[in-house]
file work.cif (mmCIF, C-alpha atoms)
data_query
#
loop_
_atom_site.label_atom_id
_atom_site.label_comp_id
_atom_site.auth_asym_id
_atom_site.auth_seq_id
_atom_site.Cartn_x
_atom_site.Cartn_y
_atom_site.Cartn_z
CA MET A 206 -2.97 36.65 -38.17
CA THR A 207 -2.95 37.30 -34.47
CA GLY A 208 -0.20 34.84 -33.70
CA ASP A 209 -2.27 33.51 -30.85
CA THR A 210 -1.95 29.77 -30.96
CA HIS A 211 -3.29 29.11 -27.48
CA SER A 212 -6.51 27.21 -27.35
CA SER A 213 -9.18 28.21 -24.93
CA PRO A 214 -9.29 26.25 -21.67
CA PHE A 215 -12.58 24.80 -22.83
CA ASP A 216 -11.04 23.30 -25.89
CA ALA A 217 -10.48 19.60 -25.38
CA GLY A 218 -7.48 19.86 -27.64
CA ALA A 219 -5.72 22.42 -25.48
CA PRO A 220 -1.95 22.04 -25.64
CA VAL A 221 -0.68 19.90 -22.81
CA GLN A 222 2.51 20.57 -20.99
CA THR A 223 4.70 17.78 -19.67
CA VAL A 224 7.29 18.55 -17.06
CA SER A 225 9.45 16.17 -15.10
CA ARG A 226 12.09 16.03 -12.42
CA GLU A 227 14.13 13.47 -10.57
CA VAL A 228 13.45 12.76 -6.93
CA VAL A 229 15.14 10.46 -4.43
CA VAL A 230 13.35 8.38 -1.83
CA ALA A 231 15.23 9.61 1.22
CA ASN A 232 13.34 8.19 4.17
CA SER A 233 14.89 5.05 5.58
CA GLN A 234 11.71 3.00 5.30
CA GLY A 235 11.30 3.63 1.58
CA LEU A 236 8.07 4.46 -0.20
CA HIS A 237 5.84 2.40 2.07
CA ALA A 238 2.12 2.73 2.70
CA ARG A 239 2.07 6.06 4.48
CA PRO A 240 4.21 8.07 2.06
CA ALA A 241 2.42 6.38 -0.85
CA ASP A 242 -0.84 7.57 0.65
CA LEU A 243 0.46 11.13 1.08
CA LEU A 244 1.81 11.13 -2.45
CA ALA A 245 -1.40 9.84 -4.02
CA ARG A 246 -3.43 12.38 -2.03
CA GLU A 247 -1.24 15.22 -3.23
CA ALA A 248 -1.31 13.98 -6.83
CA ARG A 249 -5.08 13.79 -6.81
CA LYS A 250 -5.31 17.49 -5.96
CA TRP A 251 -4.11 18.34 -9.46
CA GLN A 252 -5.78 18.06 -12.82
CA SER A 253 -2.60 16.93 -14.48
CA ARG A 254 -1.74 13.33 -15.02
CA ILE A 255 1.05 12.45 -12.59
CA GLU A 256 3.27 9.48 -13.22
CA LEU A 257 6.27 8.05 -11.42
CA VAL A 258 8.89 6.32 -13.43
CA ALA A 259 11.38 3.83 -12.04
CA ASP A 260 13.87 1.83 -14.12
CA ALA A 261 11.41 -0.46 -15.80
CA GLN A 262 8.14 0.77 -14.44
CA ARG A 263 5.74 3.66 -14.96
CA VAL A 264 2.87 4.02 -12.50
CA ASP A 265 -0.06 6.32 -11.86
CA GLY A 266 0.90 8.73 -9.07
CA LYS A 267 -2.74 9.08 -8.03
CA SER A 268 -3.06 5.39 -7.13
CA ILE A 269 -1.63 4.16 -3.86
CA LEU A 270 -1.80 0.58 -5.12
CA GLU A 271 0.26 1.48 -8.17
CA LEU A 272 2.76 3.45 -6.12
CA LEU A 273 3.29 0.53 -3.76
CA THR A 274 4.18 -1.71 -6.69
CA LEU A 275 7.33 0.37 -7.12
CA ALA A 276 8.69 -1.06 -3.84
CA ALA A 277 11.01 1.93 -3.84
CA GLU A 278 13.56 1.55 -1.07
CA ALA A 279 15.56 4.32 0.53
CA GLY A 280 17.93 5.80 -2.03
CA THR A 281 15.83 4.88 -5.07
CA ARG A 282 15.82 7.52 -7.79
CA LEU A 283 12.50 8.13 -9.49
CA VAL A 284 11.32 10.53 -12.14
CA VAL A 285 8.08 12.37 -11.52
CA GLU A 286 6.29 13.36 -14.68
CA ALA A 287 3.31 15.71 -14.78
CA THR A 288 1.21 16.35 -17.85
CA GLY A 289 -1.61 18.85 -17.95
CA PRO A 290 -2.66 22.43 -17.35
CA ASP A 291 -1.25 22.60 -13.80
CA ALA A 292 1.76 20.38 -14.39
CA GLY A 293 4.36 22.83 -13.10
CA GLU A 294 2.67 23.44 -9.77
CA ALA A 295 1.84 19.77 -9.36
CA LEU A 296 5.45 18.81 -9.93
CA GLU A 297 6.64 21.34 -7.39
CA ALA A 298 4.18 20.09 -4.77
CA ILE A 299 5.16 16.44 -5.31
CA GLY A 300 8.86 17.25 -5.36
CA SER A 301 8.51 19.04 -2.08
CA LEU A 302 6.94 15.96 -0.48
CA PHE A 303 10.06 13.99 -1.36
CA GLU A 304 12.30 16.80 -0.14
CA ARG A 305 10.49 16.81 3.19
CA ASN A 306 10.82 13.00 3.46
CA PHE A 307 7.05 12.82 3.63
CA ASN A 308 7.37 14.45 7.04
CA GLU A 309 8.89 11.29 8.47
CA HIS A 310 11.72 11.16 10.88
CA THR A 311 14.50 9.17 9.33
CA ASN A 312 14.33 6.60 12.06
CA GLY A 313 10.65 6.74 12.85
CA PRO A 314 9.48 3.83 14.95
CA GLU A 315 6.40 3.15 12.83
CA SER A 316 6.10 2.37 9.18
CA MET B 141 8.45 -11.78 -2.78
CA LYS B 142 5.62 -14.29 -2.85
CA PHE B 143 2.59 -14.66 -0.60
CA SER B 144 3.95 -18.00 0.56
CA ASP B 145 7.06 -16.19 1.85
CA PHE B 146 5.09 -14.40 4.55
CA VAL B 147 1.50 -15.68 4.80
CA ALA B 148 1.02 -18.30 7.51
CA PRO B 149 -1.49 -20.77 5.98
CA ASP B 150 -2.85 -21.85 9.37
CA ALA B 151 -3.63 -18.25 10.28
CA ILE B 152 -5.81 -17.48 7.22
CA ARG B 153 -9.42 -16.68 8.08
CA SER B 154 -12.30 -16.54 5.59
CA HIS B 155 -14.94 -15.20 7.97
CA VAL B 156 -13.71 -12.85 10.66
CA GLU B 157 -16.25 -12.36 13.40
CA ALA B 158 -15.14 -8.91 14.49
CA GLY B 159 -17.09 -5.90 13.30
CA THR B 160 -14.57 -3.20 14.18
CA LYS B 161 -11.14 -2.17 13.05
CA GLU B 162 -9.54 -3.02 16.37
CA GLY B 163 -11.48 -6.26 16.55
CA VAL B 164 -10.36 -7.55 13.18
CA ILE B 165 -6.73 -6.66 13.93
CA ARG B 166 -6.92 -8.56 17.20
CA GLU B 167 -8.60 -11.55 15.58
CA MET B 168 -5.89 -11.74 12.92
CA ALA B 169 -3.08 -11.34 15.43
CA GLN B 170 -4.69 -14.06 17.57
CA ALA B 171 -4.76 -16.28 14.47
CA LEU B 172 -0.99 -15.76 14.17
CA VAL B 173 -0.60 -16.75 17.83
CA ASP B 174 -2.73 -19.86 17.27
CA ALA B 175 -0.61 -20.74 14.24
CA GLY B 176 2.52 -20.44 16.37
CA ARG B 177 3.92 -17.50 14.39
CA ILE B 178 3.91 -14.96 17.20
CA ALA B 179 4.09 -15.51 20.95
CA ALA B 180 0.92 -15.14 23.01
CA ALA B 181 2.84 -12.83 25.33
CA ASP B 182 3.38 -10.40 22.43
CA LEU B 183 -0.25 -10.30 21.31
CA ASP B 184 -1.22 -7.15 23.18
CA GLY B 185 1.93 -5.29 22.26
CA ILE B 186 1.58 -6.15 18.59
CA CYS B 187 -2.10 -5.15 18.47
CA LYS B 188 -1.31 -1.86 20.17
CA ALA B 189 1.52 -1.15 17.78
CA ILE B 190 -0.69 -1.88 14.77
CA MET B 191 -3.42 0.41 16.09
CA LYS B 192 -0.83 3.10 16.73
CA ARG B 193 0.24 2.83 13.11
CA GLU B 194 -3.42 3.10 12.03
CA ASP B 195 -3.68 6.33 14.00
CA LEU B 196 -1.06 7.84 11.69
CA GLY B 197 -3.32 7.13 8.73
CA SER B 198 -5.51 4.21 7.78
CA THR B 199 -3.89 1.36 5.90
CA GLY B 200 -7.18 0.85 4.07
CA ILE B 201 -5.65 1.39 0.64
CA GLY B 202 -8.84 1.26 -1.39
CA ARG B 203 -10.72 -1.43 -3.34
CA GLY B 204 -11.96 -2.89 -0.07
CA VAL B 205 -8.44 -3.84 0.99
CA ALA B 206 -6.44 -2.94 4.11
CA VAL B 207 -2.88 -3.77 5.09
CA PRO B 208 -2.61 -3.25 8.86
CA HIS B 209 1.00 -3.69 9.90
CA THR B 210 3.73 -2.92 12.32
CA LYS B 211 7.34 -3.58 13.05
CA HIS B 212 7.94 -5.58 16.17
CA PRO B 213 11.18 -6.77 17.73
CA SER B 214 9.65 -10.12 18.71
CA VAL B 215 9.72 -11.45 15.15
CA ASN B 216 12.91 -12.30 13.31
CA ARG B 217 11.26 -12.60 9.91
CA LEU B 218 8.24 -11.09 8.21
CA VAL B 219 5.05 -12.88 9.21
CA GLY B 220 1.58 -12.20 7.96
CA THR B 221 -1.87 -13.50 7.42
CA VAL B 222 -4.97 -12.87 5.34
CA ALA B 223 -8.56 -12.50 6.46
CA VAL B 224 -11.88 -11.78 4.84
CA SER B 225 -14.90 -10.10 6.35
CA PRO B 226 -17.75 -10.88 3.96
CA ARG B 227 -19.89 -8.01 5.28
CA GLY B 228 -17.06 -5.50 5.36
CA ILE B 229 -15.69 -3.37 8.17
CA ASP B 230 -15.39 0.37 8.49
CA PHE B 231 -11.63 0.85 8.41
CA GLU B 232 -11.56 4.60 7.77
CA SER B 233 -10.20 3.73 4.36
CA LEU B 234 -8.69 6.28 2.04
CA ASP B 235 -11.64 5.88 -0.33
CA GLY B 236 -14.19 5.69 2.48
CA GLU B 237 -15.36 2.21 1.46
CA PRO B 238 -15.71 -0.67 3.92
CA VAL B 239 -12.94 -3.24 3.86
CA GLN B 240 -13.50 -6.94 3.19
CA LEU B 241 -9.96 -8.10 2.59
CA PHE B 242 -7.13 -7.76 5.11
CA PHE B 243 -3.44 -8.49 4.95
CA LEU B 244 -1.79 -8.17 8.35
CA LEU B 245 1.98 -7.90 8.46
CA VAL B 246 4.45 -7.96 11.35
CA SER B 247 8.03 -7.34 10.37
CA PRO B 248 11.37 -7.16 12.16
CA PRO B 249 12.37 -3.51 12.74
CA ASP B 250 15.60 -3.86 10.79
CA ARG B 251 14.05 -5.19 7.57
CA PRO B 252 12.19 -2.31 5.87
CA GLY B 253 12.98 -3.82 2.46
CA ASP B 254 11.05 -7.01 3.18
CA HIS B 255 8.05 -5.02 4.30
CA LEU B 256 8.18 -2.97 1.08
CA ARG B 257 8.43 -6.10 -1.05
CA ALA B 258 5.45 -7.66 0.70
CA LEU B 259 3.44 -4.48 0.09
CA GLU B 260 4.61 -4.52 -3.52
CA ASN B 261 3.46 -8.09 -3.98
CA ILE B 262 0.08 -7.47 -2.37
CA SER B 263 -0.64 -4.30 -4.32
CA ARG B 264 0.56 -5.72 -7.63
CA GLN B 265 -1.55 -8.86 -7.33
CA LEU B 266 -4.58 -6.89 -6.22
CA ARG B 267 -4.54 -4.84 -9.40
CA ASP B 268 -6.12 -7.97 -10.85
CA GLU B 269 -9.75 -7.32 -10.05
CA SER B 270 -10.89 -10.89 -10.41
CA PHE B 271 -8.21 -12.05 -7.96
CA CYS B 272 -9.44 -9.45 -5.50
CA ARG B 273 -13.07 -10.45 -6.01
CA LEU B 274 -12.35 -14.17 -5.67
CA LEU B 275 -10.45 -13.64 -2.42
CA LYS B 276 -13.33 -11.65 -0.94
CA ALA B 277 -15.79 -14.35 -1.97
CA ALA B 278 -13.78 -17.25 -0.53
CA LYS B 279 -15.84 -19.57 1.64
CA GLN B 280 -12.97 -21.41 3.29
CA PRO B 281 -9.44 -20.49 4.35
CA VAL B 282 -8.15 -23.19 2.01
CA GLU B 283 -9.70 -21.35 -0.95
CA ILE B 284 -7.78 -18.23 0.01
CA GLN B 285 -4.63 -20.26 0.31
CA GLN B 286 -5.18 -21.77 -3.15
CA LEU B 287 -5.78 -18.34 -4.69
CA LEU B 288 -2.58 -17.05 -3.13
CA GLU B 289 -0.67 -20.08 -4.41
CA GLU B 290 -2.06 -19.51 -7.88
CA ALA B 291 -1.03 -15.89 -7.79
CA ASP B 292 2.43 -16.98 -6.62
CA SER B 293 2.89 -19.40 -9.47
CA HIS B 294 1.21 -17.51 -12.31
CA GLY B 295 1.82 -13.93 -11.33
CA VAL B 296 4.87 -12.05 -12.47
CA VAL B 297 7.53 -12.99 -9.97
CA SER B 298 9.56 -10.05 -8.78
#
call {"tool": "encode", "arguments": {"input": "work.cif", "output": "structure tokens"}}
result
Amino acid sequence: MTGDTHSSPFDAGAPVQTVSREVVVANSQGLHARPADLLAREARKWQSRIELVADAQRVDGKSILELLTLAAEAGTRLVVEATGPDAGEALEAIGSLFERNFNEHTNGPES
Amino acid sequence: MKFSDFVAPDAIRSHVEAGTKEGVIREMAQALVDAGRIAAADLDGICKAIMKREDLGSTGIGRGVAVPHTKHPSVNRLVGTVAVSPRGIDFESLDGEPVQLFFLLVSPPDRPGDHLRALENISRQLRDESFCRLLKAAKQPVEIQQLLEEADSHGVVS
């Protein structure tokens, strides 16, 4: 008994890790097309499944179309959930996008 | 929000003639002028503002769909229109594919929520692949209008 319960990375049944955190849509224009694009691009960099959860909705974080269906206005609280081998890093990267307001000025002239 | 809340029926186009990004934006904005939804005097300013927004990142959101838009002080409510380019236009889309289906939106600067709800409606309805395909295949503006009405009445109203 080695006590090693970790599967090899090549094992399809490798244990998956799910991590989540709450984020707030802080930019005044809400989660419109440009931030949704940035978010989906970031999410697609990771192997993990990334989902965003609003009150009654759960959407694929890698799909801009799905993200736009959240119609998340400024102040909306969302939960980001990452499941997979790089879930922790993915979550950190996505959380940081929200913290940086998707690099938008709060009163940017363009949406 | 429903399509009928922001799409000007008279400005719908089933065969845009333009072959470029800027061209299709101008053609759609001109259609809004012709339909009396925006003033002719604002045409240039609105087109410029939309192109400026495109410079920040293409609004070609994938699946052959683009949502060029801008805020503009000349409108007091959200106005928009729909156009189809059967052959497709290079729109520097996020997925690199040409765009056949366009939703152009002009919204008042102080109404970011309306803009978001219009985007929400468009993206939610377009998840239905057959709706998307039927719109792109429409032969007449009236067909597009009927498809939008159907989506408005049968889709999940938010």
call {"tool": "closest_atom_pairs", "arguments": {"input": "work.cif", "of": "chain B", "to": "chain A", "cutoff": "7 Å", "atoms": "all atoms listed in the file", "output": "tab-separated table"}}
result
residue	atom	partner	partner_atom	distance
B:Arg193	CA	A:Glu315	CA	6.2
B:Gly197	CA	A:Arg239	CA	6.9
B:Thr199	CA	A:Ala238	CA	6.9
B:Ile201	CA	A:Ile269	CA	6.6
B:Thr210	CA	A:Ser316	CA	6.6
B:Lys211	CA	A:Glu315	CA	6.8
B:Pro252	CA	A:Gln234	CA	5.4
B:Gly253	CA	A:Glu278	CA	6.5
B:Leu256	CA	A:Ala276	CA	5.3
B:Arg257	CA	A:Ala276	CA	5.8
B:Leu259	CA	A:Leu273	CA	6.3
B:Glu260	CA	A:Thr274	CA	4.3
B:Asn261	CA	A:Thr274	CA	7.0
B:Ser263	CA	A:Leu270	CA	5.1
B:Arg264	CA	A:Thr274	CA	5.5
call {"tool": "resolve_selection", "arguments": {"input": "work.cif", "expression": "the PyMOL selection byres ((chain B and resi 283) around 12)", "output": "VMD selection string"}}
result
chain B and resid 149 152 to 154 222 to 224 271 274 to 282 284 to 290
call {"tool": "resolve_selection", "arguments": {"input": "work.cif", "expression": "the PyMOL selection byres ((chain A and resi 222) around 6)", "output": "list of chain:residue names"}}
result
A:Val221, A:Thr223, A:Thr288, A:Gly289
call {"tool": "residues_around", "arguments": {"input": "work.cif", "residues": "B:Pro213", "least_positions_apart": "6", "cutoff": "12 Å", "atoms": "all atoms listed in the file", "output": "list in words"}}
result
Pro314 of chain A; Ile178, Ala179, Asp182, Gly185, Ile186, Ala189, Val246, Ser247, Pro248, Pro249, Asp250 and Arg251 of chain B
call {"tool": "residues_around", "arguments": {"input": "work.cif", "residues": "A:Val224", "least_positions_apart": "3", "cutoff": "9 Å", "atoms": "all atoms listed in the file", "output": "ChimeraX atom specification"}}
result
/A:285-289,292-293,296
call {"tool": "atom_distance", "arguments": {"input": "work.cif", "atom1": "atom CA of A:Val284", "atom2": "atom CA of A:Asp265"}}
result
12.1 Å
call {"tool": "resolve_selection", "arguments": {"input": "work.cif", "expression": "the PyMOL selection byres ((chain B and resi 229) around 6)", "output": "number ranges by chain"}}
result
B: 159, 228, 230-231, 238-239
call {"tool": "atom_distance", "arguments": {"input": "work.cif", "atom1": "atom CA of A:Gly280", "atom2": "atom CA of A:Asn232"}}
result
8.1 Å
call {"tool": "residues_near_point", "arguments": {"input": "work.cif", "point": "(10.9, 10.0, 2.4)", "cutoff": "7 Å", "atoms": "all atoms listed in the file", "output": "list in words"}}
result
Val230, Ala231, Asn232, Gly235, Leu236, Pro240, Phe303, Arg305, Asn306, Phe307 and Glu309 of chain A
call {"tool": "build_atoms", "arguments": {"input": "work.cif", "residues": "stretch 218-248 of chain B", "atoms": "N, CA and C atoms", "output": "tab-separated table (two decimals), keeping the file's coordinate frame"}}
result
chain	number	residue	atom	x	y	z
B	218	LEU	N	9.57	-11.62	8.51
B	218	LEU	CA	8.24	-11.09	8.21
B	218	LEU	C	7.18	-12.19	8.33
B	219	VAL	N	6.16	-11.93	9.13
B	219	VAL	CA	5.05	-12.88	9.21
B	219	VAL	C	3.75	-12.15	8.91
B	220	GLY	N	2.84	-12.85	8.30
B	220	GLY	CA	1.58	-12.20	7.96
B	220	GLY	C	0.46	-13.19	7.81
B	221	THR	N	-0.73	-12.65	7.69
B	221	THR	CA	-1.87	-13.50	7.42
B	221	THR	C	-2.93	-12.72	6.65
B	222	VAL	N	-3.92	-13.46	6.17
B	222	VAL	CA	-4.97	-12.87	5.34
B	222	VAL	C	-6.31	-13.19	5.98
B	223	ALA	N	-7.21	-12.24	5.96
B	223	ALA	CA	-8.56	-12.50	6.46
B	223	ALA	C	-9.58	-11.79	5.60
B	224	VAL	N	-10.77	-12.36	5.59
B	224	VAL	CA	-11.88	-11.78	4.84
B	224	VAL	C	-13.05	-11.55	5.79
B	225	SER	N	-13.65	-10.39	5.67
B	225	SER	CA	-14.90	-10.10	6.35
B	225	SER	C	-15.95	-9.93	5.27
B	226	PRO	N	-16.80	-10.95	5.08
B	226	PRO	CA	-17.75	-10.88	3.96
B	226	PRO	C	-18.63	-9.63	4.01
B	227	ARG	N	-19.00	-9.18	5.21
B	227	ARG	CA	-19.89	-8.01	5.28
B	227	ARG	C	-19.14	-6.70	5.21
B	228	GLY	N	-17.85	-6.74	5.43
B	228	GLY	CA	-17.06	-5.50	5.36
B	228	GLY	C	-17.01	-4.77	6.69
B	229	ILE	N	-15.92	-4.08	6.92
B	229	ILE	CA	-15.69	-3.37	8.17
B	229	ILE	C	-15.28	-1.94	7.88
B	230	ASP	N	-15.80	-1.03	8.66
B	230	ASP	CA	-15.39	0.37	8.49
B	230	ASP	C	-13.94	0.50	8.99
B	231	PHE	N	-13.05	0.81	8.07
B	231	PHE	CA	-11.63	0.85	8.41
B	231	PHE	C	-11.07	2.25	8.20
B	232	GLU	N	-11.96	3.22	8.07
B	232	GLU	CA	-11.56	4.60	7.77
B	232	GLU	C	-10.64	4.64	6.56
B	233	SER	N	-11.02	3.86	5.57
B	233	SER	CA	-10.20	3.73	4.36
B	233	SER	C	-10.03	5.04	3.63
B	234	LEU	N	-8.99	5.07	2.80
B	234	LEU	CA	-8.69	6.28	2.04
B	234	LEU	C	-9.83	6.61	1.09
B	235	ASP	N	-10.53	5.59	0.58
B	235	ASP	CA	-11.64	5.88	-0.33
B	235	ASP	C	-12.99	5.81	0.38
B	236	GLY	N	-12.96	5.67	1.70
B	236	GLY	CA	-14.19	5.69	2.48
B	236	GLY	C	-15.02	4.41	2.41
B	237	GLU	N	-14.59	3.45	1.62
B	237	GLU	CA	-15.36	2.21	1.46
B	237	GLU	C	-15.03	1.22	2.57
B	238	PRO	N	-16.01	0.37	2.93
B	238	PRO	CA	-15.71	-0.67	3.92
B	238	PRO	C	-14.69	-1.66	3.36
B	239	VAL	N	-14.00	-2.32	4.27
B	239	VAL	CA	-12.94	-3.24	3.86
B	239	VAL	C	-13.38	-4.69	4.09
B	240	GLN	N	-13.20	-5.51	3.07
B	240	GLN	CA	-13.50	-6.94	3.19
B	240	GLN	C	-12.24	-7.80	3.27
B	241	LEU	N	-11.16	-7.28	2.72
B	241	LEU	CA	-9.96	-8.10	2.59
B	241	LEU	C	-8.79	-7.47	3.35
B	242	PHE	N	-8.19	-8.27	4.24
B	242	PHE	CA	-7.13	-7.76	5.11
B	242	PHE	C	-5.85	-8.57	4.97
B	243	PHE	N	-4.75	-7.86	4.89
B	243	PHE	CA	-3.44	-8.49	4.95
B	243	PHE	C	-2.75	-7.88	6.16
B	244	LEU	N	-2.46	-8.69	7.15
B	244	LEU	CA	-1.79	-8.17	8.35
B	244	LEU	C	-0.33	-8.59	8.33
B	245	LEU	N	0.55	-7.63	8.54
B	245	LEU	CA	1.98	-7.90	8.46
B	245	LEU	C	2.70	-7.46	9.73
B	246	VAL	N	3.58	-8.32	10.22
B	246	VAL	CA	4.45	-7.96	11.35
B	246	VAL	C	5.88	-8.21	10.88
B	247	SER	N	6.68	-7.15	10.89
B	247	SER	CA	8.03	-7.34	10.37
B	247	SER	C	9.09	-6.93	11.37
B	248	PRO	N	10.27	-7.52	11.26
B	248	PRO	CA	11.37	-7.16	12.16
B	248	PRO	C	11.76	-5.69	11.89
